[in-house]
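S.K.: Contents are mmCIF, C-alpha atoms and all ligand atoms; file name protein39.cif:
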```cif
data_structure
loop_
_atom_site.label_atom_id
_atom_site.label_comp_id
_atom_site.auth_asym_id
_atom_site.auth_seq_id
_atom_site.Cartn_x
_atom_site.Cartn_y
_atom_site.Cartn_z
CA MET A 1 0.00 0.00 0.00
CA SER A 2 2.85 2.36 0.78
CA ASP A 3 3.73 2.79 -2.90
CA ASP A 4 0.15 3.78 -3.70
CA ILE A 5 0.24 7.45 -4.76
CA ARG A 6 -3.18 7.97 -3.25
CA THR A 7 -2.24 7.07 0.30
CA THR A 8 1.03 8.96 -0.10
CA ILE A 9 -0.84 12.20 -0.79
CA GLY A 10 -3.67 11.51 1.63
CA LEU A 11 -6.46 10.28 -0.63
CA ARG A 12 -8.57 7.26 0.15
CA PRO A 13 -7.49 4.17 -1.86
CA VAL A 14 -10.92 3.53 -3.32
CA ILE A 15 -11.70 0.33 -5.19
CA ASN A 16 -13.99 0.99 -8.12
CA VAL A 17 -16.75 -1.55 -8.78
CA SER A 18 -19.01 1.27 -9.87
CA GLY A 19 -18.05 1.71 -13.53
CA THR A 20 -16.18 4.39 -15.45
CA MET A 21 -17.15 7.35 -13.32
CA THR A 22 -15.74 10.84 -13.71
CA SER A 23 -16.10 11.26 -9.94
CA LEU A 24 -13.70 8.36 -9.38
CA GLY A 25 -11.16 9.21 -12.08
CA ALA A 26 -12.84 7.45 -15.04
CA SER A 27 -10.73 4.38 -15.89
CA ILE A 28 -7.33 2.75 -15.63
CA VAL A 29 -5.33 4.36 -18.42
CA VAL A 30 -3.62 1.73 -20.57
CA PRO A 31 0.21 1.62 -20.50
CA GLN A 32 0.44 2.45 -24.22
CA ALA A 33 -1.38 5.74 -23.66
CA ILE A 34 0.74 6.60 -20.63
CA GLN A 35 3.94 5.99 -22.61
CA ALA A 36 2.66 8.05 -25.53
CA MET A 37 1.81 10.97 -23.26
CA GLU A 38 5.17 10.81 -21.57
CA ALA A 39 6.95 10.81 -24.92
CA ILE A 40 5.14 13.81 -26.35
CA LEU A 41 4.80 16.04 -23.29
CA PRO A 42 8.30 17.59 -23.48
CA GLN A 43 8.05 18.31 -27.24
CA PHE A 44 6.49 21.05 -29.33
CA VAL A 45 4.17 19.91 -32.06
CA GLU A 46 1.97 21.53 -34.66
CA ILE A 47 -1.29 20.72 -33.02
CA ASN A 48 -3.51 20.72 -36.11
CA ASP A 49 -1.11 18.27 -37.76
CA LEU A 50 -1.34 16.04 -34.70
CA GLN A 51 -5.14 16.25 -34.96
CA ARG A 52 -4.81 15.29 -38.67
CA MET A 53 -3.00 12.15 -37.56
CA ALA A 54 -5.66 11.51 -34.92
CA SER A 55 -8.26 11.87 -37.66
CA LYS A 56 -6.66 9.00 -39.56
CA VAL A 57 -6.58 6.71 -36.53
CA ILE A 58 -10.17 7.59 -35.60
CA ALA A 59 -11.28 7.02 -39.19
CA ARG A 60 -9.61 3.63 -39.30
CA LEU A 61 -11.22 2.42 -36.06
CA THR A 62 -14.68 3.89 -36.50
CA GLY A 63 -15.20 3.76 -40.25
CA ALA A 64 -15.69 7.55 -40.20
CA GLU A 65 -14.44 9.91 -42.90
CA ALA A 66 -12.70 12.06 -40.29
CA GLY A 67 -12.41 12.69 -36.58
CA PHE A 68 -10.68 14.67 -33.87
CA VAL A 69 -10.00 14.63 -30.17
CA THR A 70 -11.62 17.04 -27.74
CA ALA A 71 -11.82 17.43 -23.98
CA SER A 72 -14.67 15.01 -23.30
CA CYS A 73 -17.68 13.43 -24.91
CA SER A 74 -19.74 16.19 -23.34
CA ALA A 75 -17.55 18.73 -25.16
CA GLY A 76 -18.07 16.64 -28.29
CA ILE A 77 -21.84 17.12 -28.03
CA SER A 78 -21.42 20.90 -27.80
CA LEU A 79 -18.89 21.05 -30.66
CA ALA A 80 -20.85 18.78 -32.97
CA VAL A 81 -24.04 20.75 -32.36
CA ALA A 82 -22.15 24.03 -32.84
CA GLY A 83 -20.73 22.71 -36.10
CA ALA A 84 -24.20 21.78 -37.33
CA ILE A 85 -25.39 25.31 -36.48
CA THR A 86 -22.53 27.38 -37.91
CA GLY A 87 -21.07 25.24 -40.65
CA ASN A 88 -17.68 26.74 -41.57
CA ASN A 89 -18.77 30.35 -41.00
CA LEU A 90 -15.91 31.68 -38.87
CA LEU A 91 -17.81 34.77 -37.76
CA ALA A 92 -20.78 32.70 -36.62
CA ILE A 93 -18.32 30.46 -34.75
CA GLU A 94 -17.01 33.48 -32.83
CA LYS A 95 -20.51 34.66 -32.01
CA LEU A 96 -21.71 31.44 -30.39
CA PRO A 97 -23.49 30.78 -28.11
CA ASP A 98 -25.48 33.71 -29.51
CA ALA A 99 -27.02 32.05 -32.50
CA THR A 100 -28.81 34.43 -34.78
CA LEU A 101 -28.52 31.94 -37.58
CA GLU A 102 -31.46 30.59 -39.43
CA LYS A 103 -30.87 27.08 -38.04
CA ASN A 104 -30.36 26.48 -34.35
CA GLU A 105 -33.01 24.00 -33.27
CA VAL A 106 -31.84 20.61 -32.06
CA LEU A 107 -34.23 17.69 -31.68
CA VAL A 108 -33.91 15.26 -28.79
CA GLN A 109 -36.29 12.58 -27.61
CA MET A 110 -37.59 13.45 -24.15
CA GLY A 111 -36.58 10.02 -22.87
CA HIS A 112 -32.99 10.79 -23.86
CA VAL A 113 -32.64 13.95 -21.80
CA VAL A 114 -30.65 12.38 -19.00
CA SER A 115 -27.77 13.41 -16.79
CA TYR A 116 -24.33 11.88 -17.29
CA GLY A 117 -23.07 14.11 -14.49
CA ALA A 118 -24.52 17.18 -16.21
CA PRO A 119 -27.68 17.46 -18.31
CA VAL A 120 -27.55 16.40 -21.98
CA ASP A 121 -29.62 19.42 -22.97
CA GLN A 122 -27.13 21.82 -21.38
CA ALA A 123 -24.36 20.58 -23.67
CA ILE A 124 -26.65 21.52 -26.58
CA ARG A 125 -27.62 24.91 -25.14
CA LEU A 126 -23.96 25.78 -24.51
CA ALA A 127 -23.47 25.59 -28.25
CA GLY A 128 -26.32 28.01 -28.95
CA GLY A 129 -28.67 25.17 -29.74
CA LYS A 130 -32.34 25.49 -28.92
CA VAL A 131 -33.48 22.15 -27.58
CA VAL A 132 -36.71 20.88 -29.10
CA LEU A 133 -38.00 17.94 -27.09
CA ILE A 134 -39.92 15.34 -29.01
CA GLY A 135 -42.34 12.78 -27.62
CA GLN A 136 -42.89 12.07 -23.95
CA ALA A 137 -40.64 10.48 -21.34
CA THR A 138 -41.56 6.95 -22.36
CA SER A 139 -42.88 7.34 -25.88
CA THR A 140 -41.75 8.88 -29.11
CA HIS A 141 -43.54 8.12 -32.34
CA ARG A 142 -42.61 8.94 -35.90
CA PHE A 143 -45.18 11.73 -36.03
CA HIS A 144 -43.50 13.49 -33.10
CA MET A 145 -40.24 13.70 -34.94
CA GLU A 146 -41.57 14.28 -38.43
CA ASN A 147 -43.64 17.24 -37.28
CA ALA A 148 -40.86 18.73 -35.18
CA ILE A 149 -38.50 19.16 -38.12
CA THR A 150 -38.67 22.68 -39.55
CA GLU A 151 -36.43 24.89 -41.65
CA LYS A 152 -34.79 25.94 -38.37
CA THR A 153 -33.70 22.41 -37.45
CA ALA A 154 -29.91 22.17 -37.31
CA ALA A 155 -29.43 18.65 -35.96
CA ALA A 156 -30.96 15.76 -34.05
CA VAL A 157 -29.17 14.25 -31.06
CA TYR A 158 -29.52 10.59 -30.08
CA VAL A 159 -28.20 9.29 -26.75
CA VAL A 160 -27.06 5.71 -26.21
CA SER A 161 -26.87 4.99 -22.49
CA HIS A 162 -28.16 2.81 -19.69
CA HIS A 163 -29.59 6.06 -18.32
CA VAL A 164 -32.08 6.62 -21.15
CA VAL A 165 -35.58 5.20 -21.19
CA ASP A 166 -35.13 1.82 -22.85
CA TYR A 167 -38.59 1.24 -24.33
CA GLY A 168 -41.16 3.13 -26.33
CA LEU A 169 -38.67 5.45 -28.04
CA LEU A 170 -37.47 5.65 -31.63
CA HIS A 171 -34.60 3.34 -32.50
CA LEU A 172 -31.56 4.87 -34.10
CA SER A 173 -32.29 3.46 -37.55
CA GLU A 174 -35.74 5.04 -37.59
CA PHE A 175 -34.46 8.27 -36.05
CA VAL A 176 -31.85 8.50 -38.81
CA GLU A 177 -34.37 7.67 -41.53
CA ILE A 178 -36.73 10.45 -40.44
CA ALA A 179 -33.94 13.01 -39.97
CA HIS A 180 -32.23 12.24 -43.26
CA ALA A 181 -35.50 12.40 -45.19
CA LYS A 182 -35.47 16.11 -44.33
CA GLY A 183 -31.71 16.63 -44.61
CA VAL A 184 -31.09 16.87 -40.84
CA PRO A 185 -27.78 15.46 -39.54
CA VAL A 186 -27.83 12.99 -36.64
CA ILE A 187 -25.34 13.24 -33.78
CA VAL A 188 -25.05 10.15 -31.57
CA ASP A 189 -23.73 10.36 -28.03
CA ALA A 190 -22.14 6.92 -27.65
CA ALA A 191 -19.83 7.97 -24.82
CA SER A 192 -19.76 4.67 -23.05
CA GLU A 193 -20.13 2.18 -25.90
CA TYR A 194 -17.62 -0.47 -26.98
CA ASP A 195 -18.70 -0.61 -30.59
CA LEU A 196 -16.82 2.11 -32.40
CA ARG A 197 -18.45 1.38 -35.77
CA LEU A 198 -22.07 0.51 -35.13
CA PHE A 199 -23.67 3.96 -34.91
CA LEU A 200 -21.98 5.38 -37.99
CA ALA A 201 -22.82 2.16 -39.79
CA GLN A 202 -26.46 2.73 -38.79
CA GLY A 203 -26.37 6.10 -40.51
CA ALA A 204 -25.30 8.57 -37.82
CA ASP A 205 -23.48 11.58 -39.25
CA ILE A 206 -21.40 12.00 -36.12
CA ALA A 207 -20.69 9.52 -33.33
CA LEU A 208 -19.16 10.72 -30.08
CA TYR A 209 -17.16 8.64 -27.61
CA SER A 210 -15.33 9.22 -24.36
CA GLY A 211 -11.61 8.55 -24.59
CA HIS A 212 -11.43 7.76 -20.89
CA LYS A 213 -14.09 5.10 -20.55
CA PHE A 214 -13.69 1.62 -22.05
CA LEU A 215 -10.83 2.80 -24.26
CA GLY A 216 -8.64 3.51 -21.25
CA GLY A 217 -7.27 6.72 -22.72
CA PRO A 218 -6.63 10.06 -21.03
CA THR A 219 -9.59 12.32 -20.23
CA SER A 220 -10.90 13.21 -23.67
CA GLY A 221 -13.66 12.88 -26.21
CA ILE A 222 -13.67 11.52 -29.74
CA VAL A 223 -15.67 13.14 -32.52
CA ALA A 224 -16.03 10.88 -35.58
CA GLY A 225 -18.14 11.12 -38.70
CA LYS A 226 -18.77 12.84 -42.01
CA LYS A 227 -15.84 14.98 -43.00
CA GLU A 228 -17.63 18.27 -43.54
CA LEU A 229 -19.54 18.12 -40.27
CA VAL A 230 -16.46 16.98 -38.35
CA ARG A 231 -14.52 19.89 -39.85
CA SER A 232 -17.25 22.35 -38.79
CA ALA A 233 -17.08 20.90 -35.28
CA PHE A 234 -13.27 21.11 -35.29
CA LEU A 235 -13.37 24.79 -36.30
CA GLN A 236 -15.18 25.50 -33.03
CA ASN A 237 -11.74 25.31 -31.40
CA MET A 238 -11.55 28.96 -32.48
CA GLY A 239 -14.76 29.59 -30.56
CA ILE A 240 -16.60 27.79 -27.77
CA GLY A 241 -14.21 24.86 -28.13
CA ARG A 242 -11.35 26.89 -26.72
CA GLY A 243 -12.60 26.30 -23.20
CA MET A 244 -12.76 22.60 -23.95
CA LYS A 245 -9.30 22.29 -25.42
CA VAL A 246 -7.09 19.24 -25.24
CA GLY A 247 -3.34 19.31 -25.24
CA LYS A 248 -0.90 17.29 -27.30
CA GLU A 249 -0.72 14.63 -24.59
CA SER A 250 -4.44 13.91 -24.74
CA ILE A 251 -4.52 13.79 -28.52
CA TYR A 252 -1.53 11.51 -28.75
CA GLY A 253 -2.65 9.51 -25.70
CA VAL A 254 -6.03 8.77 -27.27
CA MET A 255 -4.36 7.74 -30.53
CA ALA A 256 -2.32 5.22 -28.57
CA ALA A 257 -5.37 4.04 -26.61
CA LEU A 258 -7.28 3.52 -29.87
CA GLU A 259 -4.43 1.50 -31.33
CA ALA A 260 -4.19 -0.53 -28.14
CA TRP A 261 -7.96 -1.11 -28.29
CA GLU A 262 -7.52 -2.59 -31.75
CA LYS A 263 -5.05 -5.13 -30.40
CA ARG A 264 -6.57 -5.70 -26.98
CA ASP A 265 -7.31 -9.27 -25.91
CA HIS A 266 -11.02 -8.54 -25.47
CA ALA A 267 -11.94 -12.21 -24.91
CA GLY A 268 -9.21 -12.64 -22.30
CA ILE A 269 -10.33 -9.54 -20.41
CA ARG A 270 -13.92 -10.66 -20.45
CA GLU A 271 -12.92 -14.07 -19.12
CA ARG A 272 -11.06 -12.44 -16.25
CA GLU A 273 -14.02 -10.18 -15.48
CA THR A 274 -16.39 -13.15 -15.57
CA GLY A 275 -14.12 -14.80 -13.02
CA TYR A 276 -14.56 -11.80 -10.70
CA LEU A 277 -18.34 -12.01 -11.02
CA LYS A 278 -18.29 -15.72 -10.21
CA LEU A 279 -16.13 -15.12 -7.15
CA TRP A 280 -18.51 -12.44 -5.84
CA LYS A 281 -21.57 -14.54 -6.61
CA GLU A 282 -20.08 -17.51 -4.73
CA THR A 283 -19.29 -15.19 -1.83
CA LEU A 284 -22.91 -14.02 -1.69
CA ASP A 285 -24.88 -17.16 -2.60
CA GLY A 286 -26.55 -18.76 0.39
CA ARG A 287 -26.33 -15.69 2.59
CA PRO A 288 -29.67 -14.83 4.18
CA GLY A 289 -31.51 -12.01 2.41
CA VAL A 290 -29.00 -11.62 -0.42
CA ARG A 291 -29.43 -12.62 -4.03
CA ALA A 292 -26.69 -12.27 -6.63
CA LEU A 293 -27.55 -12.27 -10.32
CA ILE A 294 -25.17 -11.98 -13.25
CA GLU A 295 -26.77 -9.61 -15.76
CA PRO A 296 -25.83 -8.38 -19.24
CA ASP A 297 -25.06 -4.72 -19.91
CA PRO A 298 -28.26 -2.81 -20.79
CA THR A 299 -26.81 -1.26 -23.97
CA ASN A 300 -25.29 -4.52 -25.22
CA ASN A 301 -21.69 -3.78 -24.41
CA PRO A 302 -19.88 -7.12 -24.13
CA LEU A 303 -19.80 -7.32 -20.36
CA GLU A 304 -21.87 -8.46 -17.41
CA ARG A 305 -22.35 -7.01 -13.96
CA LEU A 306 -23.44 -8.61 -10.70
CA ARG A 307 -26.77 -7.41 -9.36
CA VAL A 308 -26.85 -7.70 -5.58
CA VAL A 309 -30.41 -7.70 -4.25
CA VAL A 310 -30.74 -7.15 -0.53
CA SER A 311 -33.73 -8.01 1.63
CA PRO A 312 -33.37 -5.89 4.78
CA THR A 313 -35.49 -8.09 7.04
CA GLU A 314 -33.21 -11.08 6.50
CA ALA A 315 -29.88 -9.40 5.75
CA HIS A 316 -30.47 -6.88 8.57
CA ILE A 317 -29.37 -4.03 6.32
CA THR A 318 -30.78 -2.10 3.37
CA ALA A 319 -29.03 -2.03 0.00
CA TRP A 320 -28.13 1.64 0.46
CA ASP A 321 -26.77 1.16 3.96
CA LEU A 322 -24.70 -1.76 2.68
CA ALA A 323 -23.39 0.42 -0.15
CA THR A 324 -22.47 3.13 2.37
CA ALA A 325 -20.80 0.63 4.70
CA LEU A 326 -18.72 -0.77 1.85
CA SER A 327 -17.58 2.73 0.91
CA ARG A 328 -16.09 3.30 4.37
CA GLY A 329 -12.94 2.04 6.04
CA ASP A 330 -9.35 1.50 4.90
CA GLN A 331 -10.34 -0.28 1.73
CA PRO A 332 -13.36 1.63 0.47
CA VAL A 333 -15.37 -0.26 -2.13
CA ILE A 334 -17.53 2.00 -4.30
CA VAL A 335 -20.47 0.11 -5.82
CA ARG A 336 -22.81 1.05 -8.66
CA ASP A 337 -25.73 2.38 -6.68
CA HIS A 338 -27.86 4.55 -8.97
CA GLU A 339 -30.88 2.25 -8.62
CA VAL A 340 -30.40 1.53 -4.95
CA GLU A 341 -33.95 2.53 -4.00
CA HIS A 342 -34.99 -0.75 -5.64
CA GLN A 343 -32.99 -2.54 -2.92
CA HIS A 344 -30.19 -3.55 -5.22
CA PHE A 345 -26.86 -2.34 -6.46
CA TYR A 346 -24.42 -3.60 -9.05
CA LEU A 347 -20.81 -4.66 -8.97
CA ASP A 348 -18.97 -3.69 -12.16
CA PRO A 349 -15.87 -5.79 -12.88
CA CYS A 350 -14.27 -3.52 -15.52
CA ASN A 351 -12.05 -1.24 -13.49
CA LEU A 352 -10.10 -3.49 -11.13
CA HIS A 353 -6.44 -4.14 -10.71
CA PRO A 354 -5.74 -7.86 -10.27
CA GLY A 355 -6.23 -8.89 -6.65
CA GLN A 356 -8.78 -6.20 -5.84
CA GLU A 357 -11.60 -8.64 -6.61
CA LYS A 358 -10.61 -10.57 -3.48
CA ILE A 359 -10.74 -7.44 -1.36
CA VAL A 360 -14.24 -6.73 -2.72
CA ALA A 361 -15.34 -10.26 -1.79
CA ALA A 362 -13.84 -9.94 1.68
CA ARG A 363 -15.50 -6.56 2.27
CA LEU A 364 -18.88 -7.92 1.18
CA SER A 365 -18.55 -10.81 3.63
CA GLU A 366 -17.35 -8.54 6.40
CA GLU A 367 -20.20 -6.03 6.11
CA LEU A 368 -22.88 -8.67 5.64
CA ASP A 369 -21.60 -10.64 8.65
CA ARG A 370 -21.59 -7.49 10.73
CA ALA A 371 -25.16 -6.61 9.71
CA ARG A 372 -26.41 -10.13 10.30
CA ALA A 373 -24.91 -10.09 13.79
CA SER A 374 -26.60 -6.82 14.61
CA ASN A 375 -29.78 -7.04 16.66
CA GLU A 376 -31.39 -4.20 14.76
CA ILE A 377 -31.99 -3.85 11.08
CA ILE A 378 -29.67 -1.19 9.71
CA ALA A 379 -32.16 0.92 7.79
CA THR A 380 -31.59 4.65 7.52
CA PRO A 381 -34.46 6.41 5.75
CA LEU A 382 -33.94 6.60 2.01
CA GLU A 383 -35.04 10.25 2.09
CA ASN A 384 -31.93 11.12 4.12
CA ARG A 385 -29.82 9.95 1.23
CA SER A 386 -31.42 12.35 -1.21
CA ARG A 387 -31.69 15.15 1.34
CA HIS A 388 -27.96 15.05 2.05
CA ARG A 389 -26.77 14.08 -1.38
CA PHE A 390 -25.11 17.41 -2.20
CA ASP A 391 -23.99 18.37 1.32
CA GLY A 392 -20.38 17.44 0.63
CA ILE A 393 -20.01 19.25 -2.67
CA LEU A 394 -21.75 22.33 -1.29
CA ARG A 395 -19.13 22.49 1.46
CA TRP A 396 -16.24 22.10 -0.98
CA PRO A 397 -13.33 22.82 -0.59
CA ASP A 398 -13.98 22.32 3.13
C1 LIG B 401 -20.08 9.48 -19.74
C2 LIG B 401 -21.12 9.95 -20.66
C3 LIG B 401 -21.06 11.24 -21.19
C4 LIG B 401 -20.00 12.20 -20.78
O1 LIG B 401 -18.78 11.79 -21.26
P1 LIG B 401 -17.50 12.63 -20.86
O2 LIG B 401 -16.47 12.14 -21.83
O3 LIG B 401 -17.16 12.26 -19.47
O4 LIG B 401 -17.85 14.04 -21.05
C5 LIG B 401 -22.01 11.64 -22.08
N1 LIG B 401 -23.00 10.82 -22.44
C6 LIG B 401 -23.11 9.57 -21.96
C7 LIG B 401 -24.22 8.70 -22.43
C8 LIG B 401 -22.17 9.10 -21.04
O5 LIG B 401 -22.26 7.85 -20.57
#
```
For this file, produce the structure as structure tokens.

M.R.:
Amino acid sequence: MSDDIRTTIGLRPVINVSGTMTSLGASIVVPQAIQAMEAILPQFVEINDLQRMASKVIARLTGAEAGFVTASCSAGISLAVAGAITGNNLLAIEKLPDATLEKNEVLVQMGHVVSYGAPVDQAIRLAGGKVVLIGQATSTHRFHMENAITEKTAAAVYVVSHHVVDYGLLHLSEFVEIAHAKGVPVIVDAASEYDLRLFLAQGADIALYSGHKFLGGPTSGIVAGKKELVRSAFLQNMGIGRGMKVGKESIYGVMAALEAWEKRDHAGIRERETGYLKLWKETLDGRPGVRALIEPDPTNNPLERLRVVVSPTEAHITAWDLATALSRGDQPVIVRDHEVEHQHFYLDPCNLHPGQEKIVAARLSEELDRARASNEIIATPLENRSRHRFDGILRWPD
């Protein structure tokens, strides 16, 4: 532990079974990206030439005509929308987010307006886009979209995420068909998706990815798609994109991460992760009031997670109190708890260093044994969780 940078500087050595979360430092950056960043950091480069090289790598891996690297996928949404609004008009680019242009409306299905840490619609509004919601939370029909397209429509944004409503909405192929019938470009937020080709293959004009999620690159976003639209998005670096800039290390680091992704032993990694899930399931099976279920990823990424369902009367603890207990102590385990009010949380196996899976298993046993031995059921009111959710951040930096 003593050579762990985190304990050296006084941070808690958290173990991440939550997923690729910005709040936890996203992902484990692959060695190839770290080496690339180290190599380029002391050198000067002509940044647009470096982005030209990134464009080639992105094109090769995604099937796009062109691409570039930006600060984050969220930045990518803003830049792609801005590009659709301004085209290559440099004056309009400087004027954003004041959009006096004839086209600034951006269609989004209501069931796609989620938060990935910030609201999807804000990324659009930052770019001068006027969000036009189509459908209702759990239903969008063709007529909603067809009738929402006007001569002011600049783009349509489609979000792929476990956060979005997963029924009753328009599928991407239909969304693209309706948009393209009226000449409207489609921008897909695929931040957290493994498949780098699928969405462009399904007709998206731009697909956006995070560089720091499954790819294991530095904090960054990847914009990939039709050349003209990608260029218009890239030109925003002389406008709103300036505040979202990436340095040479991120551009070159993502290039290396993409190349490593191409060669990664995906089957081997999945086998290792499946082993973690089995270990945790064996640890939990047979414990009173606990059920462990291996479940596929909701957006079809090639991975499973372990759903841990907790019955407080038998386990003597609620799912949220168990999640909180696990997050405390010398070896804090941070679980995936965004649905915890349903009395379950998930364990995500994708962000572990070898050996940490055993610590997770031991912590689960420890906290469940402790709860079981307690005479009272550990059940803090769920409302307290939401009431105090932002206390910490509102006190920051104290
Ligand atoms: C993570 C995520 C984002 C934000 O990605 P960043 O690269 O962290 O900005 C946007 N959309 C979805 C669906 C995400 O999962």

S.K.: Could you please determine the separation between atom CA of Asp330 of chain A and atom CA of Arg12 of chain A in Å, to one decimal place?

M.R.: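 Distance reported for this atom pair: 7.5 Å.
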
S.K.: For the atom pair atom CA of Ser18 of chain A and atom CA of Ile334 of chain A, what is the interatomic distance in Å to one decimal place?

M.R.: 5.8 Å

S.K.: To one decimal place, how far is atom CA of Val165 of chain A from atom CA of Met145 of chain A in Å?

M.R.: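 Separation between atom CA of Val165 of chain A and atom CA of Met145 of chain A: 16.8 Å.
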
S.K.: Which neighbours of segment 114-120 of chain A fall inside 10 Å, counting all atoms listed in the file, when residues of the same chain fewer than 6 positions from it are skipped, and could you give them as an mmCIF file with C-alpha atoms, in the frame of the given file?

M.R.:
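Output below, filename part-v1.cif:
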```
data_model
loop_
_atom_site.group_PDB
_atom_site.id
_atom_site.type_symbol
_atom_site.label_atom_id
_atom_site.label_comp_id
_atom_site.auth_asym_id
_atom_site.auth_seq_id
_atom_site.Cartn_x
_atom_site.Cartn_y
_atom_site.Cartn_z
ATOM 1 C CA MET A 21 -17.150 7.350 -13.320
ATOM 2 C CA THR A 22 -15.740 10.840 -13.710
ATOM 3 C CA SER A 23 -16.100 11.260 -9.940
ATOM 4 C CA SER A 74 -19.740 16.190 -23.340
ATOM 5 C CA ILE A 77 -21.840 17.120 -28.030
ATOM 6 C CA SER A 78 -21.420 20.900 -27.800
ATOM 7 C CA VAL A 108 -33.910 15.260 -28.790
ATOM 8 C CA VAL A 131 -33.480 22.150 -27.580
ATOM 9 C CA VAL A 157 -29.170 14.250 -31.060
ATOM 10 C CA VAL A 159 -28.200 9.290 -26.750
ATOM 11 C CA SER A 161 -26.870 4.990 -22.490
ATOM 12 C CA HIS A 162 -28.160 2.810 -19.690
ATOM 13 C CA HIS A 163 -29.590 6.060 -18.320
ATOM 14 C CA VAL A 164 -32.080 6.620 -21.150
ATOM 15 C CA VAL A 165 -35.580 5.200 -21.190
ATOM 16 C CA ASP A 189 -23.730 10.360 -28.030
ATOM 17 C CA ALA A 191 -19.830 7.970 -24.820
#
```

S.K.: Would you kindly identify which residues have an atom no farther than 10 Å from (-16.1, 32.2, -29.8), using all atoms listed in the file and the file's own coordinates, and write them out as a ChimeraX atom specification?

M.R.: /A:90-98,236-243

S.K.: For segment 264-271 of chain A, list every protein, DNA or RNA residue within 9 Å, evaluated using all atoms listed in the file, and leave out those in the same chain fewer than 6 positions away; present the list as a list in words.

M.R.: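 With the cut-off at 9 Å, the set is Pro302, Leu303, Glu304 and Cys350 of chain A.
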
S.K.: To test the calculation: enclose all listed atoms of segment 326-345 of chain A in a box whose edges run along x, y and z, add 4 Å on each side, then state centre and edge lengths in Å to one decimal, as JSON.

M.R.:
```
{"center_x": -22.2, "center_y": 0.5, "center_z": -1.5, "size_x": 33.6, "size_y": 16.1, "size_z": 23.0}
```

S.K.: Near Val30 of chain A, within 9 Å and counting only C-alpha atoms, which residues show up once chain neighbours fewer than 4 positions away are dropped, as a list in words?

M.R.: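 In the requested format, the answer is Ile34, Gln35, Leu215, Gly216, Gly217, Pro218, Ala256, Ala257 and Ala260 of chain A.
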